[in-house]
file protein10.txt (compact mmCIF, C-alpha atoms)
# COMPACT_ATOMS: atom_id res chain seq x y z
CA MET V 251 111.25 80.61 91.68
CA TYR V 252 107.82 81.40 93.08
CA TYR V 253 104.47 79.65 93.23
CA THR V 254 101.02 80.31 94.67
CA VAL V 255 99.31 79.13 97.84
CA GLN V 256 95.53 79.32 98.26
CA LEU V 257 94.36 80.90 101.50
CA PHE V 258 91.16 82.79 102.31
CA ASP V 259 90.05 82.26 98.67
CA PHE V 260 93.12 84.06 97.30
CA ASN V 261 96.08 82.58 95.44
CA PHE V 262 98.93 84.27 97.28
CA ILE V 263 102.40 84.39 95.78
CA SER V 264 104.91 82.44 97.85
CA ALA V 265 108.44 83.75 97.34
CA PRO V 266 111.39 84.61 99.59
CA ASN V 267 111.41 88.19 98.31
CA HIS V 268 110.06 90.51 95.60
CA ALA V 269 113.08 89.95 93.37
CA GLU V 270 111.72 86.49 92.50
CA PHE V 271 108.81 87.89 90.51
CA ILE V 272 109.56 91.57 89.82
CA ASP V 273 110.67 90.88 86.23
CA ASP V 274 107.40 89.04 85.52
CA MET V 275 105.48 91.92 87.04
CA ILE V 276 107.28 94.56 84.97
CA ASP V 277 106.70 92.58 81.76
CA TYR V 278 103.31 91.24 82.81
CA ARG V 279 101.87 91.11 79.28
CA HIS V 280 104.19 88.21 78.45
CA LEU V 281 102.73 85.96 81.17
CA PRO V 282 100.77 82.96 79.83
CA ASP V 283 97.72 83.70 82.04
CA TYR V 284 97.71 87.46 81.41
CA LYS V 285 94.56 87.40 79.25
CA SER V 286 92.60 85.20 81.65
CA LYS V 287 93.38 87.17 84.81
CA LEU V 288 92.57 90.62 86.10
CA PRO V 289 95.59 92.90 85.40
CA PHE V 290 95.86 93.90 89.05
CA VAL V 291 98.45 93.70 91.80
CA ILE V 292 96.92 93.56 95.27
CA THR V 293 98.68 93.25 98.62
CA PRO V 294 96.08 92.19 101.21
CA ASN V 295 96.96 92.52 104.87
CA ALA V 296 95.03 90.88 107.70
CA ASP V 297 92.64 93.81 108.08
CA GLN V 298 91.74 93.74 104.38
CA ILE V 299 91.24 89.97 104.45
CA VAL V 300 88.78 90.43 107.31
CA ASN V 301 86.93 93.24 105.50
CA LEU V 302 86.78 91.35 102.21
CA ASP V 303 85.04 88.48 104.01
CA LYS V 304 82.12 90.75 104.96
CA PRO V 305 78.90 90.41 102.91
CA GLU V 306 79.07 93.99 101.65
CA HIS V 307 82.48 93.32 100.08
CA GLN V 308 81.78 89.92 98.49
CA ALA V 309 81.53 91.33 94.96
CA LEU V 310 84.85 93.11 95.41
CA LYS V 311 86.46 89.97 96.81
CA GLU V 312 85.30 87.87 93.86
CA ARG V 313 86.80 90.34 91.39
CA LEU V 314 90.08 90.82 93.23
CA SER V 315 90.60 87.07 93.68
CA GLN V 316 91.24 86.96 89.92
CA SER V 317 94.19 89.37 90.17
CA LEU V 318 97.38 88.55 88.32
CA PHE V 319 99.56 89.13 91.39
CA ILE V 320 98.34 88.68 94.98
CA LEU V 321 100.98 89.35 97.63
CA PRO V 322 100.66 88.47 101.34
CA ASP V 323 101.29 91.84 102.98
CA GLY V 324 100.22 90.85 106.50
CA GLN V 325 102.50 88.83 108.76
CA PRO V 326 99.49 87.11 110.42
CA ILE V 327 98.65 85.65 107.00
CA VAL V 328 102.15 84.18 106.75
CA TRP V 329 102.05 82.81 110.31
CA PHE V 330 98.69 81.16 109.69
CA SER V 331 99.88 79.60 106.41
CA LYS V 332 102.65 77.84 108.31
CA LEU V 333 100.26 76.69 111.02
CA ILE V 334 98.10 74.84 108.48
CA ARG V 335 101.13 73.52 106.56
CA LYS V 336 100.54 75.62 103.44
CA PRO V 337 103.53 77.84 104.12
CA LEU V 338 104.10 81.16 102.42
CA LYS V 339 107.81 81.84 102.25
CA ALA V 340 107.72 85.46 103.33
CA ARG V 341 105.65 88.58 103.86
CA LEU V 342 105.67 90.62 100.63
CA THR V 343 104.63 94.19 101.36
CA GLY V 344 103.31 96.82 99.00
CA SER V 345 105.60 99.34 100.68
CA ASP V 346 108.64 97.29 99.65
CA LEU V 347 107.22 96.64 96.19
CA PHE V 348 106.68 100.30 95.28
CA PRO V 349 110.36 101.35 95.07
CA LEU V 350 111.22 98.23 93.05
CA VAL V 351 108.51 98.88 90.45
CA TRP V 352 109.38 102.58 90.44
CA GLN V 353 113.09 102.03 89.86
CA HIS V 354 112.54 99.39 87.17
CA ALA V 355 110.14 101.71 85.37
CA LYS V 356 112.64 104.57 85.59
CA GLN V 357 115.43 102.42 84.16
CA LYS V 358 113.27 101.36 81.20
CA GLN V 359 111.49 104.72 80.86
CA ARG V 360 108.07 103.13 81.26
CA LYS V 361 105.08 105.42 81.77
CA ILE V 362 103.41 105.40 85.20
CA PHE V 363 100.15 107.03 86.20
CA VAL V 364 99.70 107.57 89.94
CA LEU V 365 96.46 108.18 91.80
CA VAL V 366 97.66 110.16 94.83
CA SER V 367 96.14 111.38 98.07
CA ASP V 368 97.16 115.02 97.54
CA GLU V 369 98.95 117.40 95.17
CA THR V 370 102.09 117.60 97.33
CA LEU V 371 102.69 113.88 96.96
CA GLY V 372 102.14 114.04 93.20
CA THR V 373 104.63 116.92 92.89
CA LYS V 374 107.28 115.03 94.86
CA LEU V 375 106.84 111.92 92.69
CA LYS V 376 107.03 114.03 89.52
CA GLN V 377 110.31 115.55 90.74
CA ASP V 378 111.72 112.08 91.28
CA TYR V 379 110.63 110.70 87.88
CA ASP V 380 109.43 112.95 85.10
CA ASN V 381 107.81 110.28 82.90
CA ILE V 382 104.71 110.07 85.07
CA SER V 383 101.31 111.67 85.31
CA TYR V 384 99.27 111.92 88.50
CA TYR V 385 95.82 112.83 89.74
CA ALA V 386 94.73 113.82 93.24
CA PRO V 387 90.94 113.37 93.42
CA PRO V 388 88.72 115.37 95.75
CA VAL V 389 87.20 113.63 98.77
CA PHE V 390 84.42 111.29 97.65
CA LYS V 391 82.24 108.40 98.70
CA LEU V 392 81.57 105.23 96.73
CA ASN V 393 78.38 104.89 94.68
CA THR V 394 77.81 108.63 94.36
CA PRO V 395 77.77 111.08 91.45
CA GLU V 396 81.16 112.35 92.71
CA PHE V 397 82.59 108.84 92.34
CA ASP V 398 81.26 108.64 88.77
CA ASP V 399 82.79 112.03 87.93
CA ILE V 400 86.18 110.99 89.30
CA CYS V 401 86.05 107.74 87.33
CA GLN V 402 85.37 109.66 84.13
CA ASN V 403 88.13 112.17 84.85
CA LEU V 404 90.58 109.41 85.67
CA LEU V 405 89.63 107.42 82.58
CA GLU V 406 90.27 110.42 80.31
CA LYS V 407 93.65 111.11 81.89
CA ILE V 408 94.74 107.48 81.55
CA GLN V 409 93.58 107.31 77.93
CA ASP V 410 95.52 110.48 77.12
CA PHE V 411 98.72 109.43 78.90
CA GLN V 412 98.62 105.70 77.95
CA PRO V 413 100.69 104.38 80.88
CA GLU V 414 101.88 100.81 81.28
CA TYR V 415 101.30 100.96 85.03
CA VAL V 416 98.68 102.68 87.15
CA ILE V 417 99.55 102.92 90.84
CA LEU V 418 96.48 103.45 93.02
CA GLY V 419 97.31 105.02 96.37
CA ILE V 420 94.22 106.32 98.16
CA GLY V 421 93.42 103.35 100.39
CA PHE V 422 91.09 100.37 100.54
CA PRO V 423 88.43 99.95 99.14
CA LYS V 424 88.19 103.20 97.14
CA GLN V 425 91.36 102.55 95.12
CA GLU V 426 90.18 99.04 94.21
CA TRP V 427 86.74 100.16 93.04
CA LEU V 428 88.21 103.02 91.02
CA GLY V 429 90.69 100.67 89.39
CA LEU V 430 88.00 98.13 88.54
CA SER V 431 85.77 100.81 87.07
CA ILE V 432 88.58 102.14 84.85
CA TYR V 433 89.57 98.63 83.80
CA GLN V 434 85.98 97.80 82.82
CA SER V 435 85.65 101.02 80.80
CA LEU V 436 88.89 100.32 78.92
CA LYS V 437 87.81 96.75 78.26
CA GLU V 438 84.49 97.94 76.81
CA LYS V 439 86.39 100.33 74.55
CA GLN V 440 88.70 97.43 73.54
CA ILE V 441 91.73 99.35 74.78
CA GLU V 442 94.66 97.35 76.16
CA PRO V 443 94.61 97.99 79.92
CA PRO V 444 97.66 98.92 81.99
CA LEU V 445 98.67 96.99 85.10
CA PHE V 446 96.84 98.37 88.15
CA LEU V 447 98.82 98.27 91.39
CA CYS V 448 96.79 98.84 94.57
CA LEU V 449 99.50 100.08 96.92
CA GLY V 450 97.84 102.36 99.47
CA ALA V 451 100.28 104.65 101.26
CA SER V 452 103.40 103.14 99.65
CA ALA V 453 104.17 106.26 97.61
CA GLU V 454 103.99 108.36 100.78
CA PHE V 455 106.53 106.08 102.45
CA TYR V 456 108.73 106.31 99.35
CA VAL V 457 108.93 110.13 99.30
CA GLY V 458 109.03 110.40 103.08
CA THR V 459 105.75 112.20 103.79
CA LYS V 460 104.83 109.23 105.99
CA LYS V 461 107.20 107.15 108.08
CA ARG V 462 107.16 103.35 108.27
CA ALA V 463 107.73 101.52 111.52
CA PRO V 464 111.36 100.95 112.54
CA LEU V 465 113.04 98.09 110.68
CA ILE V 466 112.97 95.79 113.70
CA PHE V 467 109.15 96.07 113.81
CA GLN V 468 108.99 95.36 110.06
CA LYS V 469 111.15 92.26 110.36
CA ILE V 470 109.14 90.68 113.17
CA GLY V 471 105.78 91.58 111.65
CA LEU V 472 104.73 94.15 114.24
CA GLU V 473 104.23 97.24 112.08
CA TRP V 474 100.59 97.13 113.16
CA PHE V 475 101.68 97.54 116.80
CA HIS V 476 103.76 100.59 115.89
CA ARG V 477 100.74 102.19 114.17
CA LEU V 478 98.51 101.33 117.13
CA TRP V 479 101.05 102.94 119.48
CA LEU V 480 101.17 106.13 117.40
CA GLU V 481 97.43 106.39 116.66
CA PRO V 482 95.55 104.46 119.38
CA LYS V 483 92.23 106.32 119.00
CA ARG V 484 92.11 105.71 115.25
CA MET V 485 93.61 102.23 115.12
CA TRP V 486 92.35 100.39 118.21
CA ARG V 487 89.13 99.27 116.55
CA ARG V 488 90.97 97.93 113.51
CA TYR V 489 93.65 96.02 115.39
CA ILE V 490 92.03 95.05 118.70
CA LEU V 491 88.48 94.30 117.60
CA GLY V 492 89.79 93.14 114.24
CA ALA V 493 91.79 90.41 115.98
CA PHE V 494 88.54 88.64 116.96
CA SER V 495 87.28 88.79 113.38
CA LEU V 496 90.60 87.44 112.17
CA LEU V 497 90.36 84.54 114.62
CA ARG V 498 86.90 83.71 113.27
CA LEU V 499 88.34 83.76 109.76
CA TYR V 500 91.18 81.45 110.85
CA LEU V 501 88.64 78.94 112.19
CA LYS V 502 86.67 79.14 108.95
CA GLU V 503 89.82 78.43 106.94
CA LEU V 504 90.83 75.56 109.23
CA LYS V 505 87.50 73.88 108.54
CA LYS V 506 88.10 74.14 104.79
CA VAL V 507 91.56 72.61 105.13
CA PHE V 508 90.90 69.79 107.60
CA PHE V 509 87.21 69.00 107.10
CA LYS V 510 86.82 68.90 103.33
call {"tool": "encode", "arguments": {"input": "protein10.txt", "output": "structure tokens"}}
result
Amino acid sequence: MYYTVQLFDFNFISAPNHAEFIDDMIDYRHLPDYKSKLPFVITPNADQIVNLDKPEHQALKERLSQSLFILPDGQPIVWFSKLIRKPLKARLTGSDLFPLVWQHAKQKQRKIFVLVSDETLGTKLKQDYDNISYYAPPVFKLNTPEFDDICQNLLEKIQDFQPEYVILGIGFPKQEWLGLSIYQSLKEKQIEPPLFLCLGASAEFYVGTKKRAPLIFQKIGLEWFHRLWLEPKRMWRRYILGAFSLLRLYLKELKKVFFK
């Protein structure tokens, strides 16, 4: 059994593991609130929560807060929930979700469309499960003609393939904006949308082109430290400076909880 806990303006799923809700996710169209929610699965970590609180991402935050499934990917989110006595049962990562969705889809021969970071990844996924289609977009920036072209290309491919699930794996916030654009276009055409899963590098972990932190780091919620150790020049700003922004966000949330 699972339920939701509201933190940082998101209704996070609280469950001991993914198995508690994976059946509902696979057959999402049978859920009573399917029509009233955004058919998205998002897995915010602490860094994304901090970024979504910035003024430039407010519109994105408002849209994503309506997602059908919101999973607490970051261990700091889980720790904080316990501190304020609104405990989330466990960290629920996108990297652990991907293989579960993938295997369930394979067993039931459900169609999956995957937005991938490069052709090599798409080829490896296709070798693992033939009933998929994939697209590796060129490098682009948001709010540009290139973005519009990619949206149109992606929309046509999804309309042709008619998948039940679209896995978006090119990183925050590009994957989210692409997914929202496609969803809006399908809605305007009165076409039943698929379920959009924003899962970042999860497919790369699944096929082995990227390596996750050792299991001990995963269990104690220190995958971020492993990434910082491996890529200090690229990650120090996110994890060291980001810690101060996260603290500010904690204080903001504490005020909402204790000073209503």
call {"tool": "closest_residue", "arguments": {"input": "protein10.txt", "among": "V:Asn261, V:Ser317, V:Thr459, V:Ser431", "to": "Met275 (chain V)", "atoms": "all atoms listed in the file"}}
result
V:Ser317
call {"tool": "closest_atom_pairs", "arguments": {"input": "protein10.txt", "of": "region 416-440 of chain V", "to": "region 293-316 of chain V", "cutoff": "9 Å", "atoms": "all atoms listed in the file", "output": "Markdown table"}}
result
| residue | atom | partner | partner_atom | distance |
| --- | --- | --- | --- | --- |
| V:Phe422 | CA | V:Gln298 | CA | 7.7 |
| V:Pro423 | CA | V:Leu310 | CA | 8.6 |
| V:Glu426 | CA | V:Leu310 | CA | 8.1 |
| V:Trp427 | CA | V:Leu310 | CA | 7.7 |
| V:Leu430 | CA | V:Arg313 | CA | 8.4 |
call {"tool": "write_last_selection", "arguments": {"input": "protein10.txt", "atoms": "C-alpha atoms", "output": "compact mmCIF listing (two decimals), keeping the file's coordinate frame"}}
result
# COMPACT_ATOMS: atom_id res chain seq x y z
CA PHE V 422 91.09 100.37 100.54
CA PRO V 423 88.43 99.95 99.14
CA GLU V 426 90.18 99.04 94.21
CA TRP V 427 86.74 100.16 93.04
CA LEU V 430 88.00 98.13 88.54
call {"tool": "atom_distance", "arguments": {"input": "protein10.txt", "atom1": "CA of Asp273 (chain V)", "atom2": "CA of Gln359 (chain V)"}}
result
14.9 Å
call {"tool": "closest_residue", "arguments": {"input": "protein10.txt", "among": "V:Ile417, V:Ile292, V:Leu318, V:Leu281", "to": "Ala355 (chain V)", "atoms": "all atoms listed in the file"}}
result
V:Ile417
call {"tool": "closest_residue", "arguments": {"input": "protein10.txt", "among": "V:Leu501, V:Leu405, V:Leu257, V:Leu447", "to": "Pro289 (chain V)", "atoms": "all atoms listed in the file"}}
result
V:Leu447
call {"tool": "atom_distance", "arguments": {"input": "protein10.txt", "atom1": "CA of Asp346 (chain V)", "atom2": "CA of Pro266 (chain V)"}}
result
13.0 Å
call {"tool": "residues_near_point", "arguments": {"input": "protein10.txt", "point": "(95.8, 114.0, 84.8)", "cutoff": "12 Å", "atoms": "all atoms listed in the file", "output": "NGL selection string"}}
result
:V and (362-366 or 369 or 372 or 382-387 or 400-413 or 416)
call {"tool": "residues_around", "arguments": {"input": "protein10.txt", "residues": "region 327-332 of chain V", "least_positions_apart": "4", "cutoff": "8 Å", "atoms": "all atoms listed in the file", "output": "JSON, numbers by chain"}}
result
{"V": [257, 295, 296, 322, 323, 336, 337, 338, 339, 340, 341, 500]}
call {"tool": "decode", "arguments": {"input": "protein10.txt", "residues": "region 342-366 of chain V", "atoms": "N, CA, C and O atoms", "output": "short mmCIF file (atom, residue, chain, number, x, y, z; two decimals), in the first residue's frame"}}
result
data_model
loop_
_atom_site.label_atom_id
_atom_site.label_comp_id
_atom_site.auth_asym_id
_atom_site.auth_seq_id
_atom_site.Cartn_x
_atom_site.Cartn_y
_atom_site.Cartn_z
N LEU V 342 12.99 6.39 -3.73
CA LEU V 342 12.49 5.63 -4.87
C LEU V 342 13.14 6.21 -6.13
O LEU V 342 12.67 7.21 -6.67
N THR V 343 14.21 5.60 -6.59
CA THR V 343 15.00 6.19 -7.65
C THR V 343 14.49 5.84 -9.05
O THR V 343 13.92 4.77 -9.29
N GLY V 344 14.74 6.76 -9.97
CA GLY V 344 14.43 6.49 -11.37
C GLY V 344 15.28 5.37 -11.93
O GLY V 344 14.83 4.60 -12.78
N SER V 345 16.52 5.27 -11.45
CA SER V 345 17.42 4.23 -11.92
C SER V 345 16.95 2.83 -11.54
O SER V 345 17.17 1.87 -12.28
N ASP V 346 16.28 2.71 -10.40
CA ASP V 346 15.70 1.43 -10.00
C ASP V 346 14.35 1.19 -10.66
O ASP V 346 13.93 0.04 -10.84
N LEU V 347 13.67 2.27 -11.02
CA LEU V 347 12.37 2.14 -11.66
C LEU V 347 12.50 1.66 -13.10
O LEU V 347 11.69 0.84 -13.56
N PHE V 348 13.49 2.16 -13.82
CA PHE V 348 13.63 1.84 -15.25
C PHE V 348 13.57 0.34 -15.53
O PHE V 348 12.77 -0.09 -16.38
N PRO V 349 14.42 -0.49 -14.90
CA PRO V 349 14.38 -1.92 -15.24
C PRO V 349 13.05 -2.58 -14.92
O PRO V 349 12.63 -3.53 -15.61
N LEU V 350 12.34 -2.09 -13.90
CA LEU V 350 11.04 -2.66 -13.56
C LEU V 350 10.00 -2.36 -14.64
O LEU V 350 9.28 -3.26 -15.08
N VAL V 351 9.95 -1.11 -15.07
CA VAL V 351 9.02 -0.74 -16.16
C VAL V 351 9.39 -1.49 -17.43
O VAL V 351 8.53 -2.02 -18.15
N TRP V 352 10.68 -1.56 -17.72
CA TRP V 352 11.17 -2.21 -18.93
C TRP V 352 10.79 -3.69 -18.96
O TRP V 352 10.27 -4.19 -19.97
N GLN V 353 11.01 -4.37 -17.85
CA GLN V 353 10.71 -5.81 -17.81
C GLN V 353 9.22 -6.08 -17.86
O GLN V 353 8.78 -7.03 -18.52
N HIS V 354 8.43 -5.25 -17.17
CA HIS V 354 6.98 -5.43 -17.23
C HIS V 354 6.46 -5.20 -18.65
O HIS V 354 5.60 -5.94 -19.13
N ALA V 355 6.99 -4.20 -19.31
CA ALA V 355 6.58 -3.91 -20.68
C ALA V 355 6.97 -5.06 -21.61
O ALA V 355 6.20 -5.44 -22.50
N LYS V 356 8.15 -5.62 -21.41
CA LYS V 356 8.60 -6.75 -22.23
C LYS V 356 7.68 -7.95 -22.03
O LYS V 356 7.30 -8.62 -23.00
N GLN V 357 7.32 -8.22 -20.79
CA GLN V 357 6.46 -9.37 -20.50
C GLN V 357 5.10 -9.24 -21.16
O GLN V 357 4.52 -10.22 -21.64
N LYS V 358 4.57 -8.01 -21.20
CA LYS V 358 3.24 -7.77 -21.76
C LYS V 358 3.28 -7.26 -23.19
O LYS V 358 2.25 -6.91 -23.75
N GLN V 359 4.50 -7.18 -23.75
CA GLN V 359 4.69 -6.71 -25.13
C GLN V 359 4.06 -5.33 -25.36
O GLN V 359 3.40 -5.08 -26.37
N ARG V 360 4.30 -4.44 -24.42
CA ARG V 360 3.82 -3.06 -24.54
C ARG V 360 4.85 -2.23 -25.33
O ARG V 360 6.06 -2.42 -25.17
N LYS V 361 4.37 -1.32 -26.12
CA LYS V 361 5.26 -0.47 -26.91
C LYS V 361 5.89 0.63 -26.05
O LYS V 361 5.19 1.30 -25.29
N ILE V 362 7.19 0.83 -26.23
CA ILE V 362 7.92 1.89 -25.53
C ILE V 362 8.66 2.74 -26.56
O ILE V 362 9.32 2.22 -27.45
N PHE V 363 8.54 4.05 -26.40
CA PHE V 363 9.36 4.97 -27.18
C PHE V 363 10.38 5.58 -26.23
O PHE V 363 10.02 6.00 -25.13
N VAL V 364 11.64 5.63 -26.66
CA VAL V 364 12.70 6.13 -25.77
C VAL V 364 13.43 7.30 -26.43
O VAL V 364 13.93 7.18 -27.55
N LEU V 365 13.47 8.41 -25.73
CA LEU V 365 14.29 9.55 -26.15
C LEU V 365 15.66 9.35 -25.51
O LEU V 365 15.80 9.37 -24.29
N VAL V 366 16.67 9.12 -26.34
CA VAL V 366 17.99 8.73 -25.84
C VAL V 366 19.03 9.82 -26.12
O VAL V 366 18.84 10.69 -26.97
#
